[in-house]
file coords.cif (mmCIF, C-alpha atoms)
data_upload
loop_
_atom_site.group_PDB
_atom_site.id
_atom_site.type_symbol
_atom_site.label_atom_id
_atom_site.label_comp_id
_atom_site.auth_asym_id
_atom_site.auth_seq_id
_atom_site.Cartn_x
_atom_site.Cartn_y
_atom_site.Cartn_z
ATOM 1 C CA MET A 262 49.675 -35.609 -19.358
ATOM 2 C CA THR A 263 53.287 -34.778 -18.689
ATOM 3 C CA GLY A 264 55.864 -32.683 -20.475
ATOM 4 C CA PRO A 265 58.072 -29.644 -20.141
ATOM 5 C CA PRO A 266 56.407 -26.439 -18.891
ATOM 6 C CA ALA A 267 55.006 -24.256 -21.668
ATOM 7 C CA PRO A 268 56.766 -20.950 -22.381
ATOM 8 C CA ARG A 269 55.219 -17.724 -21.136
ATOM 9 C CA PRO A 270 53.563 -16.566 -24.423
ATOM 10 C CA THR A 271 51.883 -19.946 -24.773
ATOM 11 C CA ARG A 272 50.573 -19.822 -21.206
ATOM 12 C CA ALA A 273 49.317 -16.268 -21.695
ATOM 13 C CA ALA A 274 47.574 -17.170 -24.967
ATOM 14 C CA LEU A 275 46.017 -20.214 -23.391
ATOM 15 C CA ALA A 276 44.856 -18.189 -20.378
ATOM 16 C CA LEU A 277 43.194 -15.651 -22.673
ATOM 17 C CA ALA A 278 41.503 -18.440 -24.627
ATOM 18 C CA ALA A 279 40.332 -20.038 -21.383
ATOM 19 C CA VAL A 280 38.878 -16.722 -20.145
ATOM 20 C CA ALA A 281 37.154 -16.221 -23.504
ATOM 21 C CA ALA A 282 35.754 -19.743 -23.244
ATOM 22 C CA ALA A 283 34.504 -19.059 -19.701
ATOM 23 C CA LEU A 284 32.818 -15.873 -20.878
ATOM 24 C CA ALA A 285 31.289 -17.770 -23.809
ATOM 25 C CA ALA A 286 29.978 -20.391 -21.396
ATOM 26 C CA VAL A 287 28.429 -17.719 -19.152
ATOM 27 C CA ALA A 288 26.854 -16.013 -22.186
ATOM 28 C CA LEU A 289 25.523 -19.308 -23.485
ATOM 29 C CA VAL A 290 23.954 -20.237 -20.144
ATOM 30 C CA TRP A 291 22.531 -16.730 -19.809
ATOM 31 C CA GLU A 292 21.008 -16.792 -23.260
ATOM 32 C CA LEU A 293 19.632 -20.305 -22.815
ATOM 33 C CA ALA A 294 17.995 -19.101 -19.591
ATOM 34 C CA GLY A 295 16.152 -16.489 -21.625
ATOM 35 C CA GLY A 296 18.195 -13.450 -20.671
ATOM 36 C CA ASP A 297 19.749 -10.843 -22.910
ATOM 37 C CA ILE A 298 23.516 -11.195 -22.990
ATOM 38 C CA GLY A 299 23.876 -7.485 -23.731
ATOM 39 C CA VAL A 300 27.356 -6.294 -22.813
ATOM 40 C CA LEU A 301 28.742 -9.825 -22.776
ATOM 41 C CA ARG A 302 28.853 -9.948 -26.579
ATOM 42 C CA PRO A 303 31.293 -7.023 -27.061
ATOM 43 C CA ALA A 304 33.359 -8.381 -24.188
ATOM 44 C CA PHE A 305 33.470 -11.760 -25.895
ATOM 45 C CA VAL A 306 34.444 -10.144 -29.197
ATOM 46 C CA ALA A 307 37.314 -8.259 -27.511
ATOM 47 C CA LEU A 308 38.511 -11.278 -25.555
ATOM 48 C CA GLY A 309 38.184 -13.609 -28.543
ATOM 49 C CA ALA A 310 40.141 -11.258 -30.779
ATOM 50 C CA SER A 311 42.855 -10.863 -28.119
ATOM 51 C CA ALA A 312 43.034 -14.626 -27.608
ATOM 52 C CA ALA A 313 43.221 -15.170 -31.356
ATOM 53 C CA ALA A 314 46.107 -12.739 -31.738
ATOM 54 C CA ALA A 315 47.926 -14.194 -28.728
ATOM 55 C CA CYS A 316 47.457 -17.786 -29.914
ATOM 56 C CA LEU A 317 48.619 -17.038 -33.451
ATOM 57 C CA LEU A 318 51.673 -15.183 -32.132
ATOM 58 C CA ALA A 319 52.477 -17.977 -29.690
ATOM 59 C CA ALA A 320 52.090 -20.574 -32.446
ATOM 60 C CA ARG A 321 55.063 -19.035 -34.230
ATOM 61 C CA ARG A 322 57.311 -19.911 -31.287
ATOM 62 C CA GLU A 323 56.086 -23.458 -30.850
ATOM 63 C CA ALA A 324 56.680 -26.572 -32.888
ATOM 64 C CA GLY A 325 54.914 -29.810 -33.614
ATOM 65 C CA ALA A 326 51.457 -30.562 -32.273
ATOM 66 C CA LEU A 327 51.382 -27.495 -30.001
ATOM 67 C CA ARG A 328 51.928 -25.267 -33.018
ATOM 68 C CA TRP A 329 48.917 -26.847 -34.716
ATOM 69 C CA LEU A 330 46.881 -26.572 -31.543
ATOM 70 C CA LEU A 331 47.600 -22.889 -31.018
ATOM 71 C CA ALA A 332 47.026 -22.054 -34.673
ATOM 72 C CA ALA A 333 43.688 -23.886 -34.734
ATOM 73 C CA LEU A 334 42.635 -22.377 -31.408
ATOM 74 C CA GLY A 335 43.555 -18.929 -32.703
ATOM 75 C CA ALA A 336 41.540 -19.503 -35.864
ATOM 76 C CA THR A 337 38.585 -20.738 -33.806
ATOM 77 C CA SER A 338 38.734 -17.698 -31.512
ATOM 78 C CA ALA A 339 39.008 -15.346 -34.491
ATOM 79 C CA ALA A 340 36.037 -16.977 -36.231
ATOM 80 C CA GLY A 341 34.029 -16.846 -33.000
ATOM 81 C CA ALA A 342 34.796 -13.187 -32.420
ATOM 82 C CA ALA A 343 34.012 -12.307 -36.028
ATOM 83 C CA ALA A 344 30.721 -14.225 -35.965
ATOM 84 C CA ALA A 345 29.673 -12.579 -32.694
ATOM 85 C CA LEU A 346 30.589 -9.164 -34.079
ATOM 86 C CA ALA A 347 28.739 -9.561 -37.411
ATOM 87 C CA MET B 24 63.615 -37.470 -33.368
ATOM 88 C CA ARG B 25 61.344 -38.152 -30.402
ATOM 89 C CA SER B 26 59.844 -34.677 -30.580
ATOM 90 C CA GLN B 27 59.057 -35.181 -34.255
ATOM 91 C CA ARG B 28 57.220 -38.422 -33.696
ATOM 92 C CA GLY B 29 53.550 -38.187 -34.627
ATOM 93 C CA GLN B 30 53.814 -34.924 -36.532
ATOM 94 C CA SER B 31 52.840 -36.484 -39.824
ATOM 95 C CA THR B 32 49.769 -37.896 -38.079
ATOM 96 C CA VAL B 33 48.755 -34.356 -37.128
ATOM 97 C CA GLU B 34 49.349 -33.149 -40.655
ATOM 98 C CA TRP B 35 47.267 -35.948 -42.115
ATOM 99 C CA THR B 36 44.543 -35.310 -39.539
ATOM 100 C CA GLY B 37 44.497 -31.649 -40.506
ATOM 101 C CA LEU B 38 44.327 -32.514 -44.188
ATOM 102 C CA LEU B 39 41.541 -34.991 -43.532
ATOM 103 C CA LEU B 40 39.604 -32.373 -41.566
ATOM 104 C CA LEU B 41 40.089 -29.872 -44.377
ATOM 105 C CA VAL B 42 38.806 -32.304 -47.000
ATOM 106 C CA ALA B 43 35.890 -33.329 -44.776
ATOM 107 C CA ALA B 44 34.998 -29.680 -44.190
ATOM 108 C CA ALA B 45 35.154 -28.954 -47.924
ATOM 109 C CA PHE B 46 32.895 -31.916 -48.735
ATOM 110 C CA SER B 47 30.475 -30.942 -45.967
ATOM 111 C CA ALA B 48 30.274 -27.408 -47.317
ATOM 112 C CA LEU B 49 29.720 -28.706 -50.847
ATOM 113 C CA ALA B 50 27.006 -31.113 -49.719
ATOM 114 C CA MET B 51 25.230 -28.436 -47.668
ATOM 115 C CA ALA B 52 25.484 -25.930 -50.488
ATOM 116 C CA ALA B 53 24.138 -28.424 -53.025
ATOM 117 C CA HIS B 54 21.295 -29.314 -50.671
ATOM 118 C CA ALA B 55 20.454 -25.663 -50.118
ATOM 119 C CA VAL B 56 20.616 -24.871 -53.807
ATOM 120 C CA GLY B 57 18.984 -27.680 -55.695
ATOM 121 C CA ASP B 58 16.015 -29.992 -55.575
ATOM 122 C CA GLY B 59 17.256 -32.852 -53.495
ATOM 123 C CA GLY B 60 20.712 -33.210 -52.112
ATOM 124 C CA LEU B 61 24.096 -34.160 -53.393
ATOM 125 C CA PRO B 62 23.535 -37.939 -52.972
ATOM 126 C CA GLU B 63 20.571 -37.868 -55.371
ATOM 127 C CA ARG B 64 22.587 -35.929 -57.908
ATOM 128 C CA LEU B 65 25.509 -38.312 -57.623
ATOM 129 C CA ALA B 66 23.195 -41.306 -57.977
ATOM 130 C CA CYS B 67 21.600 -39.786 -61.074
ATOM 131 C CA ALA B 68 24.979 -39.005 -62.603
ATOM 132 C CA ILE B 69 26.394 -42.475 -61.919
ATOM 133 C CA ALA B 70 23.315 -44.453 -62.951
ATOM 134 C CA GLY B 71 22.650 -42.231 -65.949
ATOM 135 C CA ARG B 72 19.023 -41.904 -64.935
ATOM 136 C CA GLU B 73 16.729 -39.215 -66.141
ATOM 137 C CA CYS B 74 16.569 -36.919 -63.197
ATOM 138 C CA GLY B 75 14.204 -34.136 -62.491
ATOM 139 C CA PRO B 76 15.093 -30.542 -63.117
ATOM 140 C CA THR B 77 18.136 -29.840 -61.034
ATOM 141 C CA ARG B 78 18.979 -26.381 -62.184
ATOM 142 C CA VAL B 79 21.078 -24.351 -59.888
ATOM 143 C CA PHE B 80 19.868 -21.021 -61.239
ATOM 144 C CA THR B 81 16.324 -20.112 -62.002
ATOM 145 C CA ALA B 82 15.181 -18.879 -65.374
ATOM 146 C CA ALA B 83 14.778 -15.418 -63.916
ATOM 147 C CA ASP B 84 18.532 -15.161 -63.574
ATOM 148 C CA PHE B 85 18.981 -15.299 -67.360
ATOM 149 C CA ARG B 86 15.802 -13.565 -68.458
ATOM 150 C CA PRO B 87 17.301 -10.169 -69.375
ATOM 151 C CA LEU B 88 19.789 -11.918 -71.642
ATOM 152 C CA ARG B 89 17.385 -14.181 -73.481
ATOM 153 C CA GLY B 90 17.732 -13.759 -77.249
ATOM 154 C CA MET B 91 21.225 -12.381 -77.142
ATOM 155 C CA ARG B 92 23.276 -13.772 -79.982
ATOM 156 C CA ALA B 93 26.943 -13.890 -80.739
ATOM 157 C CA VAL B 94 28.772 -14.854 -83.898
ATOM 158 C CA VAL B 95 31.181 -17.660 -83.120
ATOM 159 C CA GLY B 96 34.382 -18.321 -85.030
ATOM 160 C CA VAL B 97 34.578 -15.510 -87.611
ATOM 161 C CA ARG B 98 34.710 -11.778 -87.606
ATOM 162 C CA GLU B 99 31.894 -9.818 -89.111
ATOM 163 C CA THR B 100 33.222 -8.663 -92.496
ATOM 164 C CA GLY B 101 30.132 -7.482 -94.264
ATOM 165 C CA PRO B 102 28.942 -9.596 -97.253
ATOM 166 C CA THR B 103 29.484 -13.341 -96.968
ATOM 167 C CA GLY B 104 31.282 -13.664 -100.325
ATOM 168 C CA LEU B 105 30.793 -16.507 -102.771
ATOM 169 C CA LEU B 106 28.444 -18.458 -100.561
ATOM 170 C CA GLY B 107 26.093 -15.552 -100.274
ATOM 171 C CA SER B 108 23.668 -15.992 -97.435
ATOM 172 C CA VAL B 109 24.427 -19.708 -96.812
ATOM 173 C CA PRO B 110 25.980 -19.991 -93.392
ATOM 174 C CA SER B 111 29.132 -22.060 -93.197
ATOM 175 C CA ALA B 112 30.079 -24.269 -90.292
ATOM 176 C CA LEU B 113 32.408 -21.665 -88.863
ATOM 177 C CA GLY B 114 30.161 -18.792 -89.610
ATOM 178 C CA GLY B 115 27.099 -20.248 -87.908
ATOM 179 C CA VAL B 116 25.287 -18.096 -85.450
ATOM 180 C CA ALA B 117 25.088 -19.582 -81.998
ATOM 181 C CA THR B 118 23.141 -18.475 -79.018
ATOM 182 C CA ALA B 119 25.548 -17.825 -76.217
ATOM 183 C CA VAL B 120 25.345 -16.709 -72.624
ATOM 184 C CA PRO B 121 28.289 -14.445 -71.837
ATOM 185 C CA ALA B 122 30.460 -15.409 -68.911
ATOM 186 C CA ALA B 123 29.639 -12.132 -67.214
ATOM 187 C CA SER B 124 25.980 -13.107 -67.037
ATOM 188 C CA ILE B 125 26.839 -16.418 -65.362
ATOM 189 C CA LEU B 126 28.971 -14.590 -62.820
ATOM 190 C CA GLY B 127 26.181 -12.116 -62.327
ATOM 191 C CA GLY B 128 23.725 -14.955 -61.771
ATOM 192 C CA ALA B 129 26.036 -16.600 -59.255
ATOM 193 C CA GLY B 130 26.510 -13.301 -57.480
ATOM 194 C CA GLY B 131 22.759 -12.775 -57.377
ATOM 195 C CA PHE B 132 22.213 -16.256 -56.015
ATOM 196 C CA VAL B 133 24.828 -15.776 -53.306
ATOM 197 C CA TRP B 134 23.323 -12.404 -52.430
ATOM 198 C CA ARG B 135 19.813 -13.876 -52.148
ATOM 199 C CA HIS B 136 21.057 -16.674 -49.898
ATOM 200 C CA ARG B 137 23.649 -14.631 -48.049
ATOM 201 C CA ARG B 138 22.309 -15.547 -44.605
ATOM 202 C CA THR B 139 22.507 -19.257 -45.355
ATOM 203 C CA VAL B 140 25.949 -18.873 -46.896
ATOM 204 C CA ARG B 141 27.128 -16.964 -43.834
ATOM 205 C CA LYS B 142 25.756 -19.550 -41.427
ATOM 206 C CA VAL B 143 27.305 -22.431 -43.392
ATOM 207 C CA ALA B 144 30.660 -20.644 -43.594
ATOM 208 C CA VAL B 145 30.719 -19.954 -39.849
ATOM 209 C CA VAL B 146 29.708 -23.511 -38.949
ATOM 210 C CA VAL B 147 32.366 -24.975 -41.244
ATOM 211 C CA ALA B 148 35.041 -22.638 -39.867
ATOM 212 C CA ILE B 149 34.131 -23.370 -36.253
ATOM 213 C CA GLY B 150 33.839 -27.124 -36.841
ATOM 214 C CA ALA B 151 37.194 -27.269 -38.582
ATOM 215 C CA GLY B 152 38.810 -25.147 -35.869
ATOM 216 C CA VAL B 153 37.457 -27.207 -32.997
ATOM 217 C CA GLY B 154 38.291 -30.482 -34.756
ATOM 218 C CA ALA B 155 41.828 -29.394 -35.565
ATOM 219 C CA THR B 156 42.409 -28.064 -32.035
ATOM 220 C CA CYS B 157 41.261 -31.260 -30.354
ATOM 221 C CA ALA B 158 43.124 -33.478 -32.855
ATOM 222 C CA ALA B 159 46.325 -31.568 -32.083
ATOM 223 C CA ALA B 160 45.535 -31.745 -28.368
ATOM 224 C CA ILE B 161 45.324 -35.540 -28.587
ATOM 225 C CA ALA B 162 48.672 -35.597 -30.385
ATOM 226 C CA ALA B 163 50.260 -33.231 -27.855
ATOM 227 C CA ALA B 164 48.817 -35.186 -24.918
ATOM 228 C CA ASN B 165 49.537 -32.622 -22.220
ATOM 229 C CA ALA B 166 47.695 -30.116 -20.055
ATOM 230 C CA VAL B 167 48.092 -27.345 -22.614
ATOM 231 C CA GLY B 168 46.285 -29.487 -25.171
ATOM 232 C CA ALA B 169 43.476 -30.307 -22.762
ATOM 233 C CA VAL B 170 42.837 -26.636 -21.942
ATOM 234 C CA GLY B 171 43.081 -25.692 -25.623
ATOM 235 C CA CYS B 172 40.620 -28.353 -26.701
ATOM 236 C CA GLY B 173 38.187 -27.404 -23.926
ATOM 237 C CA SER B 174 38.418 -23.723 -24.822
ATOM 238 C CA ALA B 175 37.831 -24.460 -28.494
ATOM 239 C CA ILE B 176 34.758 -26.560 -27.705
ATOM 240 C CA VAL B 177 33.183 -23.857 -25.491
ATOM 241 C CA ILE B 178 34.028 -20.980 -27.860
ATOM 242 C CA GLY B 179 32.793 -23.016 -30.826
ATOM 243 C CA GLY B 180 29.620 -24.034 -29.033
ATOM 244 C CA PHE B 181 28.695 -20.477 -28.110
ATOM 245 C CA THR B 182 29.530 -19.182 -31.582
ATOM 246 C CA ALA B 183 27.520 -21.912 -33.291
ATOM 247 C CA TYR B 184 24.515 -21.233 -31.034
ATOM 248 C CA ASP B 185 24.818 -17.476 -31.498
ATOM 249 C CA ASN B 186 25.179 -17.978 -35.246
ATOM 250 C CA ALA B 187 22.095 -20.199 -35.418
ATOM 251 C CA THR B 188 19.835 -17.906 -33.408
ATOM 252 C CA ARG B 189 20.645 -14.658 -35.233
#
call {"tool": "encode", "arguments": {"input": "coords.cif", "output": "structure tokens"}}
result
Amino acid sequence: MTGPPAPRPTRAALALAAVAAALAAVALVWELAGGDIGVLRPAFVALGASAAAACLLAARREAGALRWLLAALGATSAAGAAAALA
Amino acid sequence: MRSQRGQSTVEWTGLLLLVAAAFSALAMAAHAVGDGGLPERLACAIAGRECGPTRVFTAADFRPLRGMRAVVGVRETGPTGLLGSVPSALGGVATAVPAASILGGAGGFVWRHRRTVRKVAVVVAIGAGVGATCAAAIAAANAVGAVGCGSAIVIGGFTAYDNATR
């Protein structure tokens, strides 16, 4: 688990994806507990879309496995946001 | 050269995931559409057995077009000439289903099962995304990969649950 520090766009994209994942986890726990997630869904859509855009933009600057990772994470976030919106 | 080591592994993993996702979608679609799943159909096709009716479309899809006829091979030129009313091989009349009706039937089928199609599409997209993210994270083997894989799993889990319950 070592390596050079990630550039700033990659860290920002990853932070957005991590926040979106945390929000998704809160929404999942809330819904499993029987509550209505209400305003959490639009927030997740907005965060997921932002994370997707940031990841896809950061993927252009990276190379190798990190490029694949960011592209796949961006696609996952975009699909998640779109599915939650629909 | 060191930074390029393992890249082909990632590419092959991505390709493998893509093929696996495509086969999963095909199998799920065939299972949702027909009587029995894809394995039964494959077994019937390979063994040459007489299988039950495995029509994808119901008769209702083609009902408005039943009895439509089209002349195949020759233009309509009035009287048939020396042969009179005897139909030749090229001039035979064949019952045909226009391509537009098949497309219409497929569109109708997709529209009837749009919820299932949507759920399958979302699950395949999320599964492929999570799989590709974590495969790349293993190849990258750093903290960025670990956070990315974890994020993809949580986002994918919530989306799959939300998709299944709506």
call {"tool": "interface_residues", "arguments": {"input": "coords.cif", "of": "chain A", "to": "chain B", "cutoff": "7 Å", "atoms": "all atoms listed in the file", "output": "JSON list (two decimals) with C-alpha atoms, in the coordinates of the input"}}
result
[["chain", "number", "residue", "atom", "x", "y", "z"],
["A", 262, "MET", "CA", 49.68, -35.61, -19.36],
["A", 263, "THR", "CA", 53.29, -34.78, -18.69],
["A", 264, "GLY", "CA", 55.86, -32.68, -20.48],
["A", 275, "LEU", "CA", 46.02, -20.21, -23.39],
["A", 278, "ALA", "CA", 41.50, -18.44, -24.63],
["A", 279, "ALA", "CA", 40.33, -20.04, -21.38],
["A", 282, "ALA", "CA", 35.75, -19.74, -23.24],
["A", 285, "ALA", "CA", 31.29, -17.77, -23.81],
["A", 286, "ALA", "CA", 29.98, -20.39, -21.40],
["A", 289, "LEU", "CA", 25.52, -19.31, -23.48],
["A", 325, "GLY", "CA", 54.91, -29.81, -33.61],
["A", 326, "ALA", "CA", 51.46, -30.56, -32.27],
["A", 327, "LEU", "CA", 51.38, -27.50, -30.00],
["A", 329, "TRP", "CA", 48.92, -26.85, -34.72],
["A", 330, "LEU", "CA", 46.88, -26.57, -31.54],
["A", 333, "ALA", "CA", 43.69, -23.89, -34.73],
["A", 334, "LEU", "CA", 42.64, -22.38, -31.41],
["A", 336, "ALA", "CA", 41.54, -19.50, -35.86],
["A", 337, "THR", "CA", 38.58, -20.74, -33.81],
["A", 338, "SER", "CA", 38.73, -17.70, -31.51],
["A", 340, "ALA", "CA", 36.04, -16.98, -36.23],
["A", 341, "GLY", "CA", 34.03, -16.85, -33.00],
["A", 344, "ALA", "CA", 30.72, -14.22, -35.97],
["A", 345, "ALA", "CA", 29.67, -12.58, -32.69]]
call {"tool": "atom_distance", "arguments": {"input": "coords.cif", "atom1": "CA of Pro268 in chain A", "atom2": "CA of Ala304 in chain A"}}
result
26.6 Å
call {"tool": "atom_distance", "arguments": {"input": "coords.cif", "atom1": "CA of Phe132 in chain B", "atom2": "CA of Ala342 in chain A"}}
result
26.9 Å
call {"tool": "resolve_selection", "arguments": {"input": "coords.cif", "expression": "the PyMOL selection byres ((chain A and resi 273) around 12)", "output": "list in words"}}
result
Ala267, Pro268, Arg269, Pro270, Thr271, Arg272, Ala274, Leu275, Ala276, Leu277, Ala278, Ala279, Val280, Ser311, Ala312, Ala313, Ala314, Ala315, Cys316, Leu317, Leu318, Ala319, Ala320 and Leu331 of chain A; Val167 and Gly171 of chain B
